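Here the structure comes first, spelled out in structure tokens, and everything after it is commentary.
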Amino acid sequence: MTNQSNSSASPILPAVVTLTVTNKPPSCGIEIGRTVSSMSGNPTGLRIVSFNVCYSQTEDDPHLGDEIVSINNVDPKNSVDAAMKLLADAKGNTVEMQVLRTNAQVYREALVSSRFYEYSVQFESSNKAILKPKDNPSVLKATLAPMYFTRFKYSITFDDRTGAVSFEDLYAITFNRSNGATPQQQQRIQDRHHAFKSQLEKMEATMEHNREEARKLALS
């Protein structure tokens, strides 16, 4: 049940993208907010939280959740006020922004698959992954013998506006669990819940570490 990632694997770093954006309102203004850690609740960076419809979100356009590295080659040092001042003081109608594309599905797929390698992982969108243990018992076994067999299915959700990561037990309410649950089954559910939460917290810590590594490389 305990899930361990491969510690010898190379760090999974988000891509660094350079954007040339039109920042003057009202046509194409962007809004910057803080990235917040789900574990500590503390701000850990800056991100684009909204922009107007003139951007089509191609690779060279801003994406919701892009994390700010620099604006016109200046590091705002995780200050929203400093970032907005850099935008306001920019000469002309465009600015150059370096961002970390931590919201890319390919990046998130690599993170989740690396940490939860004992699960089958399927992304419904770039923001939501569905995970099932590879050793899940059959529906028949779990129905006929819930004291011995329990099925599990989780979702992981990424919030692009805040950077928070959360999870949900998708089988929290089933016939077996609500009407025929045994003490053994409840213990398995509790143990799995705690193990999954622990792995998610480790994944988020890895995300923060790798984000800082990518920032340092981009600013060097």
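Each chain in the structure tokens gets a letter, A, B, ..., in the order shown, and its residues are numbered from 1; ligands are numbered from 1 in order too.
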From region 47-214 of chain A, collect each residue whose DSSP state is strand (DSSP E) and return the set as an mmCIF file with N, CA, C and O atoms, in the first residue's frame.
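Written out: part-v5.cif:
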data_model
loop_
_atom_site.group_PDB
_atom_site.id
_atom_site.type_symbol
_atom_site.label_atom_id
_atom_site.label_comp_id
_atom_site.auth_asym_id
_atom_site.auth_seq_id
_atom_site.Cartn_x
_atom_site.Cartn_y
_atom_site.Cartn_z
ATOM 1 N N ARG A 47 1.735 33.789 -10.138
ATOM 2 C CA ARG A 47 1.176 33.133 -11.313
ATOM 3 C C ARG A 47 0.156 34.033 -12.000
ATOM 4 O O ARG A 47 -0.383 34.947 -11.392
ATOM 5 N N ILE A 48 -0.075 33.757 -13.268
ATOM 6 C CA ILE A 48 -1.103 34.465 -14.010
ATOM 7 C C ILE A 48 -2.452 33.865 -13.623
ATOM 8 O O ILE A 48 -2.675 32.664 -13.781
ATOM 9 N N VAL A 49 -3.340 34.711 -13.088
ATOM 10 C CA VAL A 49 -4.637 34.216 -12.608
ATOM 11 C C VAL A 49 -5.790 34.622 -13.519
ATOM 12 O O VAL A 49 -6.895 34.089 -13.389
ATOM 13 N N SER A 50 -5.559 35.565 -14.426
ATOM 14 C CA SER A 50 -6.581 35.899 -15.418
ATOM 15 C C SER A 50 -5.950 36.724 -16.528
ATOM 16 O O SER A 50 -4.913 37.362 -16.342
ATOM 17 N N PHE A 51 -6.595 36.683 -17.691
ATOM 18 C CA PHE A 51 -6.197 37.521 -18.816
ATOM 19 C C PHE A 51 -7.396 37.644 -19.736
ATOM 20 O O PHE A 51 -8.337 36.853 -19.664
ATOM 21 N N GLU A 67 3.560 30.371 -14.080
ATOM 22 C CA GLU A 67 4.231 30.940 -12.913
ATOM 23 C C GLU A 67 5.335 31.895 -13.342
ATOM 24 O O GLU A 67 6.191 31.559 -14.148
ATOM 25 N N ILE A 68 5.322 33.097 -12.756
ATOM 26 C CA ILE A 68 6.211 34.163 -13.186
ATOM 27 C C ILE A 68 7.638 33.922 -12.698
ATOM 28 O O ILE A 68 7.875 33.688 -11.507
ATOM 29 N N VAL A 69 8.593 34.015 -13.627
ATOM 30 C CA VAL A 69 10.015 33.990 -13.286
ATOM 31 C C VAL A 69 10.570 35.409 -13.336
ATOM 32 O O VAL A 69 11.223 35.871 -12.397
ATOM 33 N N SER A 70 10.325 36.118 -14.435
ATOM 34 C CA SER A 70 10.815 37.487 -14.563
ATOM 35 C C SER A 70 9.910 38.281 -15.502
ATOM 36 O O SER A 70 9.193 37.702 -16.331
ATOM 37 N N ILE A 71 9.951 39.594 -15.346
ATOM 38 C CA ILE A 71 9.229 40.524 -16.214
ATOM 39 C C ILE A 71 10.246 41.525 -16.734
ATOM 40 O O ILE A 71 10.889 42.233 -15.942
ATOM 41 N N THR A 94 4.074 46.330 -24.866
ATOM 42 C CA THR A 94 4.376 44.912 -24.659
ATOM 43 C C THR A 94 5.476 44.755 -23.622
ATOM 44 O O THR A 94 6.294 45.651 -23.410
ATOM 45 N N VAL A 95 5.469 43.597 -22.978
ATOM 46 C CA VAL A 95 6.529 43.240 -22.037
ATOM 47 C C VAL A 95 6.949 41.809 -22.322
ATOM 48 O O VAL A 95 6.185 41.010 -22.868
ATOM 49 N N GLU A 96 8.165 41.492 -21.936
ATOM 50 C CA GLU A 96 8.668 40.121 -22.060
ATOM 51 C C GLU A 96 8.581 39.451 -20.693
ATOM 52 O O GLU A 96 9.061 40.000 -19.692
ATOM 53 N N MET A 97 7.950 38.309 -20.658
ATOM 54 C CA MET A 97 7.789 37.572 -19.409
ATOM 55 C C MET A 97 8.363 36.175 -19.568
ATOM 56 O O MET A 97 8.097 35.502 -20.559
ATOM 57 N N GLN A 98 9.146 35.758 -18.578
ATOM 58 C CA GLN A 98 9.571 34.370 -18.492
ATOM 59 C C GLN A 98 8.666 33.668 -17.490
ATOM 60 O O GLN A 98 8.468 34.163 -16.375
ATOM 61 N N VAL A 99 8.109 32.538 -17.892
ATOM 62 C CA VAL A 99 7.187 31.812 -17.022
ATOM 63 C C VAL A 99 7.554 30.339 -16.980
ATOM 64 O O VAL A 99 8.202 29.812 -17.895
ATOM 65 N N LEU A 100 7.150 29.700 -15.901
ATOM 66 C CA LEU A 100 7.242 28.238 -15.788
ATOM 67 C C LEU A 100 5.880 27.672 -16.153
ATOM 68 O O LEU A 100 4.868 28.059 -15.551
ATOM 69 N N TYR A 119 -0.312 2.978 -9.246
ATOM 70 C CA TYR A 119 -1.678 3.267 -9.688
ATOM 71 C C TYR A 119 -1.721 3.401 -11.208
ATOM 72 O O TYR A 119 -0.745 3.832 -11.836
ATOM 73 N N SER A 120 -2.860 3.041 -11.772
ATOM 74 C CA SER A 120 -3.140 3.383 -13.162
ATOM 75 C C SER A 120 -3.631 4.822 -13.171
ATOM 76 O O SER A 120 -4.549 5.186 -12.429
ATOM 77 N N VAL A 121 -3.015 5.663 -13.997
ATOM 78 C CA VAL A 121 -3.296 7.095 -13.999
ATOM 79 C C VAL A 121 -3.887 7.497 -15.348
ATOM 80 O O VAL A 121 -3.338 7.167 -16.399
ATOM 81 N N GLN A 122 -5.016 8.195 -15.301
ATOM 82 C CA GLN A 122 -5.629 8.706 -16.520
ATOM 83 C C GLN A 122 -6.071 10.151 -16.283
ATOM 84 O O GLN A 122 -6.793 10.441 -15.322
ATOM 85 N N PHE A 123 -5.618 11.068 -17.132
ATOM 86 C CA PHE A 123 -5.995 12.469 -17.002
ATOM 87 C C PHE A 123 -7.265 12.733 -17.796
ATOM 88 O O PHE A 123 -7.324 12.486 -18.996
ATOM 89 N N GLU A 124 -8.290 13.250 -17.096
ATOM 90 C CA GLU A 124 -9.520 13.682 -17.770
ATOM 91 C C GLU A 124 -9.326 15.029 -18.449
ATOM 92 O O GLU A 124 -9.979 15.335 -19.445
ATOM 93 N N SER A 125 -8.452 15.839 -17.882
ATOM 94 C CA SER A 125 -8.091 17.145 -18.432
ATOM 95 C C SER A 125 -6.730 17.489 -17.848
ATOM 96 O O SER A 125 -6.166 16.718 -17.064
ATOM 97 N N LYS A 128 -7.205 17.488 -13.954
ATOM 98 C CA LYS A 128 -7.769 16.410 -13.137
ATOM 99 C C LYS A 128 -7.289 15.049 -13.605
ATOM 100 O O LYS A 128 -7.387 14.711 -14.787
ATOM 101 N N ALA A 129 -6.763 14.272 -12.645
ATOM 102 C CA ALA A 129 -6.297 12.912 -12.914
ATOM 103 C C ALA A 129 -7.123 11.915 -12.109
ATOM 104 O O ALA A 129 -7.513 12.192 -10.975
ATOM 105 N N ILE A 130 -7.394 10.755 -12.707
ATOM 106 C CA ILE A 130 -8.098 9.666 -12.037
ATOM 107 C C ILE A 130 -7.091 8.535 -11.794
ATOM 108 O O ILE A 130 -6.368 8.129 -12.711
ATOM 109 N N LEU A 131 -7.065 8.033 -10.564
ATOM 110 C CA LEU A 131 -6.095 7.007 -10.202
ATOM 111 C C LEU A 131 -6.801 5.797 -9.605
ATOM 112 O O LEU A 131 -7.658 5.935 -8.719
ATOM 113 N N LYS A 132 -6.414 4.613 -10.079
ATOM 114 C CA LYS A 132 -6.906 3.354 -9.527
ATOM 115 C C LYS A 132 -5.694 2.467 -9.232
ATOM 116 O O LYS A 132 -4.784 2.373 -10.058
ATOM 117 N N PRO A 133 -5.684 1.794 -8.064
ATOM 118 C CA PRO A 133 -4.584 0.870 -7.793
ATOM 119 C C PRO A 133 -4.516 -0.208 -8.867
ATOM 120 O O PRO A 133 -5.549 -0.732 -9.304
ATOM 121 N N TYR A 154 -9.337 7.290 -6.872
ATOM 122 C CA TYR A 154 -9.122 8.646 -6.393
ATOM 123 C C TYR A 154 -9.056 9.620 -7.572
ATOM 124 O O TYR A 154 -8.781 9.230 -8.708
ATOM 125 N N SER A 155 -9.278 10.875 -7.259
ATOM 126 C CA SER A 155 -9.002 11.935 -8.227
ATOM 127 C C SER A 155 -8.025 12.919 -7.598
ATOM 128 O O SER A 155 -8.036 13.135 -6.375
ATOM 129 N N ILE A 156 -7.160 13.483 -8.426
ATOM 130 C CA ILE A 156 -6.262 14.564 -8.020
ATOM 131 C C ILE A 156 -6.614 15.777 -8.876
ATOM 132 O O ILE A 156 -6.714 15.667 -10.098
ATOM 133 N N THR A 157 -6.818 16.915 -8.229
ATOM 134 C CA THR A 157 -7.200 18.136 -8.936
ATOM 135 C C THR A 157 -6.159 19.218 -8.715
ATOM 136 O O THR A 157 -5.723 19.459 -7.580
ATOM 137 N N PHE A 158 -5.763 19.867 -9.808
ATOM 138 C CA PHE A 158 -4.821 20.986 -9.774
ATOM 139 C C PHE A 158 -5.603 22.273 -10.003
ATOM 140 O O PHE A 158 -6.321 22.394 -10.987
ATOM 141 N N VAL A 165 -3.200 21.715 -4.767
ATOM 142 C CA VAL A 165 -3.437 20.358 -5.247
ATOM 143 C C VAL A 165 -4.287 19.639 -4.205
ATOM 144 O O VAL A 165 -3.988 19.696 -3.008
ATOM 145 N N SER A 166 -5.359 18.989 -4.635
ATOM 146 C CA SER A 166 -6.251 18.300 -3.705
ATOM 147 C C SER A 166 -6.610 16.928 -4.255
ATOM 148 O O SER A 166 -6.377 16.631 -5.425
ATOM 149 N N PHE A 167 -7.183 16.078 -3.391
ATOM 150 C CA PHE A 167 -7.609 14.759 -3.849
ATOM 151 C C PHE A 167 -8.949 14.394 -3.239
ATOM 152 O O PHE A 167 -9.391 14.976 -2.242
ATOM 153 N N GLU A 168 -9.598 13.409 -3.858
ATOM 154 C CA GLU A 168 -10.907 12.945 -3.406
ATOM 155 C C GLU A 168 -10.984 11.435 -3.570
ATOM 156 O O GLU A 168 -10.503 10.882 -4.566
ATOM 157 N N ASP A 169 -11.559 10.777 -2.564
ATOM 158 C CA ASP A 169 -11.849 9.347 -2.649
ATOM 159 C C ASP A 169 -13.166 9.194 -3.410
ATOM 160 O O ASP A 169 -14.224 9.505 -2.889
#
How close does region 40-137 of chain A get to region 192-208 of chain A? List, as a tab-separated table, each residue of region 40-137 of chain A within 8 Å, its nearest atom pair and the distance in Å to one decimal, counting only C-alpha atoms.
residue	atom	partner	partner_atom	distance
A:Thr44	CA	A:Glu208	CA	7.8
A:Leu111	CA	A:Met203	CA	7.2
A:Val112	CA	A:Met203	CA	7.5
A:Arg115	CA	A:Met203	CA	6.4
A:Phe116	CA	A:Gln199	CA	7.5
Item to check | Non-local contacts of Asp160 (chain A) (12 Å; only C-alpha atoms; under 4 positions in same chain excluded) as an MDAnalysis selection string | outcome: chainID A and resid 32:36 46:50 63:67 101:105 108 126:128 164:166
Item to check | Atom-to-atom span, CA of Leu13 (chain A) and CA of Asn210 (chain A), Å | outcome: 5.5 Å
Item to check | Phe149 (chain A) surroundings by only C-alpha atoms, 12 Å radius, close-in-sequence under 5 positions cut, as number ranges by chain | outcome: A: 135-144, 176-177, 181-182, 184-189
Could you write out the selected residues, including N, CA, C and O atoms, as a PDB file, in the first residue's frame?
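Result went into part04.pdb, see below:
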ATOM      1  N   ASP A 135      -3.601  -3.106  -8.461  1.00  0.00           N
ATOM      2  CA  ASP A 135      -4.018  -4.385  -7.883  1.00  0.00           C
ATOM      3  C   ASP A 135      -5.450  -4.322  -7.339  1.00  0.00           C
ATOM      4  O   ASP A 135      -5.818  -5.113  -6.456  1.00  0.00           O
ATOM      5  N   ASN A 136      -6.262  -3.408  -7.829  1.00  0.00           N
ATOM      6  CA  ASN A 136      -7.662  -3.331  -7.392  1.00  0.00           C
ATOM      7  C   ASN A 136      -8.343  -4.689  -7.558  1.00  0.00           C
ATOM      8  O   ASN A 136      -8.229  -5.318  -8.620  1.00  0.00           O
ATOM      9  N   PRO A 137      -9.079  -5.165  -6.544  1.00  0.00           N
ATOM     10  CA  PRO A 137      -9.835  -6.411  -6.725  1.00  0.00           C
ATOM     11  C   PRO A 137     -11.005  -6.185  -7.676  1.00  0.00           C
ATOM     12  O   PRO A 137     -11.379  -5.049  -7.962  1.00  0.00           O
ATOM     13  N   SER A 138     -11.574  -7.271  -8.160  1.00  0.00           N
ATOM     14  CA  SER A 138     -12.718  -7.157  -9.062  1.00  0.00           C
ATOM     15  C   SER A 138     -13.935  -6.644  -8.297  1.00  0.00           C
ATOM     16  O   SER A 138     -14.009  -6.721  -7.062  1.00  0.00           O
ATOM     17  N   VAL A 139     -14.905  -6.131  -9.032  1.00  0.00           N
ATOM     18  CA  VAL A 139     -16.150  -5.665  -8.431  1.00  0.00           C
ATOM     19  C   VAL A 139     -16.843  -6.821  -7.717  1.00  0.00           C
ATOM     20  O   VAL A 139     -17.395  -6.651  -6.622  1.00  0.00           O
ATOM     21  N   LEU A 140     -16.805  -8.004  -8.314  1.00  0.00           N
ATOM     22  CA  LEU A 140     -17.458  -9.174  -7.717  1.00  0.00           C
ATOM     23  C   LEU A 140     -16.843  -9.522  -6.369  1.00  0.00           C
ATOM     24  O   LEU A 140     -17.562  -9.735  -5.379  1.00  0.00           O
ATOM     25  N   LYS A 141     -15.508  -9.556  -6.304  1.00  0.00           N
ATOM     26  CA  LYS A 141     -14.844  -9.867  -5.037  1.00  0.00           C
ATOM     27  C   LYS A 141     -15.174  -8.834  -3.969  1.00  0.00           C
ATOM     28  O   LYS A 141     -15.476  -9.187  -2.817  1.00  0.00           O
ATOM     29  N   ALA A 142     -15.108  -7.562  -4.334  1.00  0.00           N
ATOM     30  CA  ALA A 142     -15.362  -6.508  -3.354  1.00  0.00           C
ATOM     31  C   ALA A 142     -16.811  -6.516  -2.881  1.00  0.00           C
ATOM     32  O   ALA A 142     -17.099  -6.146  -1.739  1.00  0.00           O
ATOM     33  N   THR A 143     -17.732  -6.954  -3.753  1.00  0.00           N
ATOM     34  CA  THR A 143     -19.144  -6.994  -3.385  1.00  0.00           C
ATOM     35  C   THR A 143     -19.459  -8.188  -2.493  1.00  0.00           C
ATOM     36  O   THR A 143     -20.181  -8.070  -1.493  1.00  0.00           O
ATOM     37  N   LEU A 144     -18.913  -9.352  -2.853  1.00  0.00           N
ATOM     38  CA  LEU A 144     -19.218 -10.577  -2.112  1.00  0.00           C
ATOM     39  C   LEU A 144     -18.428 -10.705  -0.807  1.00  0.00           C
ATOM     40  O   LEU A 144     -18.909 -11.328   0.142  1.00  0.00           O
ATOM     41  N   ASN A 176     -21.274  -0.941  -0.519  1.00  0.00           N
ATOM     42  CA  ASN A 176     -20.476  -1.723   0.431  1.00  0.00           C
ATOM     43  C   ASN A 176     -19.997  -0.876   1.605  1.00  0.00           C
ATOM     44  O   ASN A 176     -20.054  -1.283   2.760  1.00  0.00           O
ATOM     45  N   ARG A 177     -19.542   0.317   1.307  1.00  0.00           N
ATOM     46  CA  ARG A 177     -18.953   1.136   2.364  1.00  0.00           C
ATOM     47  C   ARG A 177     -20.013   1.719   3.283  1.00  0.00           C
ATOM     48  O   ARG A 177     -19.779   1.895   4.480  1.00  0.00           O
ATOM     49  N   ALA A 181     -20.132  -2.182   5.479  1.00  0.00           N
ATOM     50  CA  ALA A 181     -18.720  -2.021   5.818  1.00  0.00           C
ATOM     51  C   ALA A 181     -18.368  -2.810   7.068  1.00  0.00           C
ATOM     52  O   ALA A 181     -19.108  -2.834   8.048  1.00  0.00           O
ATOM     53  N   THR A 182     -17.228  -3.453   7.017  1.00  0.00           N
ATOM     54  CA  THR A 182     -16.715  -4.193   8.165  1.00  0.00           C
ATOM     55  C   THR A 182     -15.584  -3.386   8.801  1.00  0.00           C
ATOM     56  O   THR A 182     -15.004  -2.506   8.169  1.00  0.00           O
ATOM     57  N   GLN A 184     -12.615  -4.360   9.314  1.00  0.00           N
ATOM     58  CA  GLN A 184     -11.408  -4.581   8.510  1.00  0.00           C
ATOM     59  C   GLN A 184     -11.396  -3.680   7.278  1.00  0.00           C
ATOM     60  O   GLN A 184     -10.364  -3.113   6.915  1.00  0.00           O
ATOM     61  N   GLN A 185     -12.563  -3.569   6.647  1.00  0.00           N
ATOM     62  CA  GLN A 185     -12.640  -2.724   5.463  1.00  0.00           C
ATOM     63  C   GLN A 185     -12.419  -1.259   5.821  1.00  0.00           C
ATOM     64  O   GLN A 185     -11.688  -0.544   5.127  1.00  0.00           O
ATOM     65  N   GLN A 186     -13.033  -0.793   6.891  1.00  0.00           N
ATOM     66  CA  GLN A 186     -12.859   0.589   7.302  1.00  0.00           C
ATOM     67  C   GLN A 186     -11.399   0.897   7.621  1.00  0.00           C
ATOM     68  O   GLN A 186     -10.906   1.986   7.325  1.00  0.00           O
ATOM     69  N   GLN A 187     -10.695  -0.063   8.204  1.00  0.00           N
ATOM     70  CA  GLN A 187      -9.281   0.137   8.498  1.00  0.00           C
ATOM     71  C   GLN A 187      -8.467   0.233   7.217  1.00  0.00           C
ATOM     72  O   GLN A 187      -7.565   1.063   7.107  1.00  0.00           O
ATOM     73  N   ARG A 188      -8.810  -0.612   6.222  1.00  0.00           N
ATOM     74  CA  ARG A 188      -8.108  -0.547   4.941  1.00  0.00           C
ATOM     75  C   ARG A 188      -8.345   0.802   4.266  1.00  0.00           C
ATOM     76  O   ARG A 188      -7.427   1.386   3.693  1.00  0.00           O
ATOM     77  N   ILE A 189      -9.588   1.284   4.349  1.00  0.00           N
ATOM     78  CA  ILE A 189      -9.918   2.575   3.739  1.00  0.00           C
ATOM     79  C   ILE A 189      -9.135   3.700   4.417  1.00  0.00           C
ATOM     80  O   ILE A 189      -8.566   4.569   3.754  1.00  0.00           O
TER      81      ILE A 189
END
Item to check | Counting only C-alpha atoms, the option among A:Ala218, A:Leu170, A:Ala110, A:Leu87 closest to Val17 (chain A) | outcome: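 For Val17 (chain A), the nearest of the candidates is A:Ala218.
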Can you list, as a CSV table (one decimal) with N, CA, C and O atoms, in the first residue's frame, all residues belonging to region 17-191 of chain A that DSSP tags as alpha helix (DSSP H)?
chain,number,residue,atom,x,y,z
A,80,VAL,N,3.4,40.4,-5.6
A,80,VAL,CA,2.4,40.8,-6.6
A,80,VAL,C,2.6,42.3,-6.9
A,80,VAL,O,2.5,42.7,-8.0
A,81,ASP,N,2.8,43.1,-5.8
A,81,ASP,CA,2.9,44.6,-6.0
A,81,ASP,C,4.1,44.9,-7.0
A,81,ASP,O,4.0,45.7,-7.9
A,82,ALA,N,5.2,44.2,-6.7
A,82,ALA,CA,6.4,44.5,-7.6
A,82,ALA,C,6.1,44.0,-9.0
A,82,ALA,O,6.5,44.7,-10.0
A,83,ALA,N,5.4,42.9,-9.2
A,83,ALA,CA,5.1,42.4,-10.5
A,83,ALA,C,4.2,43.4,-11.3
A,83,ALA,O,4.4,43.7,-12.4
A,84,MET,N,3.2,43.9,-10.6
A,84,MET,CA,2.2,44.8,-11.2
A,84,MET,C,2.9,46.1,-11.5
A,84,MET,O,2.6,46.8,-12.5
A,85,LYS,N,3.8,46.5,-10.7
A,85,LYS,CA,4.6,47.8,-10.9
A,85,LYS,C,5.5,47.6,-12.2
A,85,LYS,O,5.6,48.6,-13.0
A,86,LEU,N,6.1,46.5,-12.3
A,86,LEU,CA,6.9,46.2,-13.5
A,86,LEU,C,6.1,46.3,-14.8
A,86,LEU,O,6.5,46.8,-15.8
A,87,LEU,N,4.8,45.8,-14.7
A,87,LEU,CA,3.9,45.9,-15.9
A,87,LEU,C,3.5,47.3,-16.1
A,87,LEU,O,3.5,47.8,-17.3
A,88,ALA,N,3.2,48.0,-15.1
A,88,ALA,CA,2.7,49.4,-15.2
A,88,ALA,C,3.8,50.3,-15.7
A,88,ALA,O,3.6,51.3,-16.5
A,89,ASP,N,5.1,50.1,-15.3
A,89,ASP,CA,6.2,50.9,-15.7
A,89,ASP,C,6.8,50.6,-17.0
A,89,ASP,O,7.7,51.3,-17.5
A,105,GLN,N,-0.1,19.7,-19.1
A,105,GLN,CA,-0.6,18.3,-18.8
A,105,GLN,C,0.6,17.3,-18.8
A,105,GLN,O,0.6,16.4,-18.0
A,106,VAL,N,1.5,17.4,-19.8
A,106,VAL,CA,2.6,16.5,-19.9
A,106,VAL,C,3.4,16.6,-18.6
A,106,VAL,O,4.0,15.5,-18.2
A,107,TYR,N,3.6,17.7,-18.1
A,107,TYR,CA,4.4,17.9,-16.9
A,107,TYR,C,3.7,17.3,-15.7
A,107,TYR,O,4.3,16.5,-14.9
A,108,ARG,N,2.4,17.5,-15.6
A,108,ARG,CA,1.6,16.9,-14.5
A,108,ARG,C,1.5,15.4,-14.6
A,108,ARG,O,1.6,14.7,-13.6
A,109,GLU,N,1.4,14.9,-15.8
A,109,GLU,CA,1.3,13.5,-16.0
A,109,GLU,C,2.6,12.8,-15.5
A,109,GLU,O,2.6,11.8,-14.8
A,110,ALA,N,3.8,13.4,-15.8
A,110,ALA,CA,5.1,12.9,-15.4
A,110,ALA,C,5.2,12.9,-13.9
A,110,ALA,O,5.7,11.9,-13.3
A,111,LEU,N,4.7,14.0,-13.2
A,111,LEU,CA,4.8,14.1,-11.8
A,111,LEU,C,3.9,13.0,-11.1
A,111,LEU,O,4.4,12.3,-10.2
A,112,VAL,N,2.7,12.9,-11.5
A,112,VAL,CA,1.7,12.0,-10.9
A,112,VAL,C,2.2,10.5,-11.1
A,112,VAL,O,2.2,9.7,-10.2
A,113,SER,N,2.6,10.2,-12.4
A,113,SER,CA,3.0,8.8,-12.7
A,113,SER,C,4.2,8.4,-11.9
A,113,SER,O,4.4,7.3,-11.5
A,114,SER,N,5.1,9.4,-11.7
A,114,SER,CA,6.4,9.1,-11.0
A,114,SER,C,6.1,8.8,-9.5
A,114,SER,O,6.6,7.9,-9.0
A,115,ARG,N,5.2,9.6,-8.9
A,115,ARG,CA,5.0,9.4,-7.5
A,115,ARG,C,4.0,8.3,-7.2
A,115,ARG,O,4.2,7.5,-6.3
A,139,VAL,N,-14.9,-6.1,-9.0
A,139,VAL,CA,-16.1,-5.7,-8.4
A,139,VAL,C,-16.8,-6.8,-7.7
A,139,VAL,O,-17.4,-6.7,-6.6
A,140,LEU,N,-16.8,-8.0,-8.3
A,140,LEU,CA,-17.5,-9.2,-7.7
A,140,LEU,C,-16.8,-9.5,-6.4
A,140,LEU,O,-17.6,-9.7,-5.4
A,141,LYS,N,-15.5,-9.6,-6.3
A,141,LYS,CA,-14.8,-9.9,-5.0
A,141,LYS,C,-15.2,-8.8,-4.0
A,141,LYS,O,-15.5,-9.2,-2.8
A,142,ALA,N,-15.1,-7.6,-4.3
A,142,ALA,CA,-15.4,-6.5,-3.4
A,142,ALA,C,-16.8,-6.5,-2.9
A,142,ALA,O,-17.1,-6.1,-1.7
A,143,THR,N,-17.7,-7.0,-3.8
A,143,THR,CA,-19.1,-7.0,-3.4
A,143,THR,C,-19.5,-8.2,-2.5
A,143,THR,O,-20.2,-8.1,-1.5
A,144,LEU,N,-18.9,-9.4,-2.9
A,144,LEU,CA,-19.2,-10.6,-2.1
A,144,LEU,C,-18.4,-10.7,-0.8
A,144,LEU,O,-18.9,-11.3,0.1
A,175,PHE,N,-22.3,1.2,-2.0
A,175,PHE,CA,-23.2,0.4,-1.2
A,175,PHE,C,-22.4,-0.4,-0.1
A,175,PHE,O,-22.8,-0.5,1.0
A,176,ASN,N,-21.3,-0.9,-0.5
A,176,ASN,CA,-20.5,-1.7,0.4
A,176,ASN,C,-20.0,-0.9,1.6
A,176,ASN,O,-20.1,-1.3,2.8
A,177,ARG,N,-19.5,0.3,1.3
A,177,ARG,CA,-19.0,1.1,2.4
A,177,ARG,C,-20.0,1.7,3.3
A,177,ARG,O,-19.8,1.9,4.5
A,178,SER,N,-21.2,2.0,2.8
A,178,SER,CA,-22.2,2.7,3.6
A,178,SER,C,-23.1,1.7,4.3
A,178,SER,O,-23.7,2.0,5.3
A,179,ASN,N,-23.3,0.5,3.7
A,179,ASN,CA,-24.3,-0.4,4.2
A,179,ASN,C,-23.7,-1.7,4.7
A,179,ASN,O,-24.3,-2.4,5.6
A,183,PRO,N,-15.2,-3.7,10.1
A,183,PRO,CA,-14.1,-3.0,10.7
A,183,PRO,C,-12.8,-3.2,9.9
A,183,PRO,O,-12.0,-2.2,9.8
A,184,GLN,N,-12.6,-4.4,9.3
A,184,GLN,CA,-11.4,-4.6,8.5
A,184,GLN,C,-11.4,-3.7,7.3
A,184,GLN,O,-10.4,-3.1,6.9
A,185,GLN,N,-12.6,-3.6,6.6
A,185,GLN,CA,-12.6,-2.7,5.5
A,185,GLN,C,-12.4,-1.3,5.8
A,185,GLN,O,-11.7,-0.5,5.1
A,186,GLN,N,-13.0,-0.8,6.9
A,186,GLN,CA,-12.9,0.6,7.3
A,186,GLN,C,-11.4,0.9,7.6
A,186,GLN,O,-10.9,2.0,7.3
A,187,GLN,N,-10.7,-0.1,8.2
A,187,GLN,CA,-9.3,0.1,8.5
A,187,GLN,C,-8.5,0.2,7.2
A,187,GLN,O,-7.6,1.1,7.1
A,188,ARG,N,-8.8,-0.6,6.2
A,188,ARG,CA,-8.1,-0.5,4.9
A,188,ARG,C,-8.3,0.8,4.3
A,188,ARG,O,-7.4,1.4,3.7
A,189,ILE,N,-9.6,1.3,4.3
A,189,ILE,CA,-9.9,2.6,3.7
A,189,ILE,C,-9.1,3.7,4.4
A,189,ILE,O,-8.6,4.6,3.8
A,190,GLN,N,-9.1,3.7,5.7
A,190,GLN,CA,-8.4,4.7,6.5
A,190,GLN,C,-6.9,4.6,6.2
A,190,GLN,O,-6.2,5.7,6.0
A,191,ASP,N,-6.3,3.5,6.2
A,191,ASP,CA,-4.9,3.3,5.9
A,191,ASP,C,-4.5,3.8,4.5
A,191,ASP,O,-3.5,4.5,4.3
Item to check | Atom pair CA of Asn78 (chain A) / CA of Gly45 (chain A): separation (Å) | outcome: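 The value is 4.9 Å.
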Checklist entry - Looking at only C-alpha atoms, which of A:Glu59, A:Val16, A:Ser10, A:Asp75 is the one that sits closest to Arg211 (chain A)? => result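 Going through A:Glu59, A:Val16, A:Ser10, A:Asp75 one by one, the smallest distance to Arg211 (chain A) is for A:Val16.
In this model, the gap between CA of Ala172 (chain A) and CA of Glu118 (chain A) comes to 20.1 Å.
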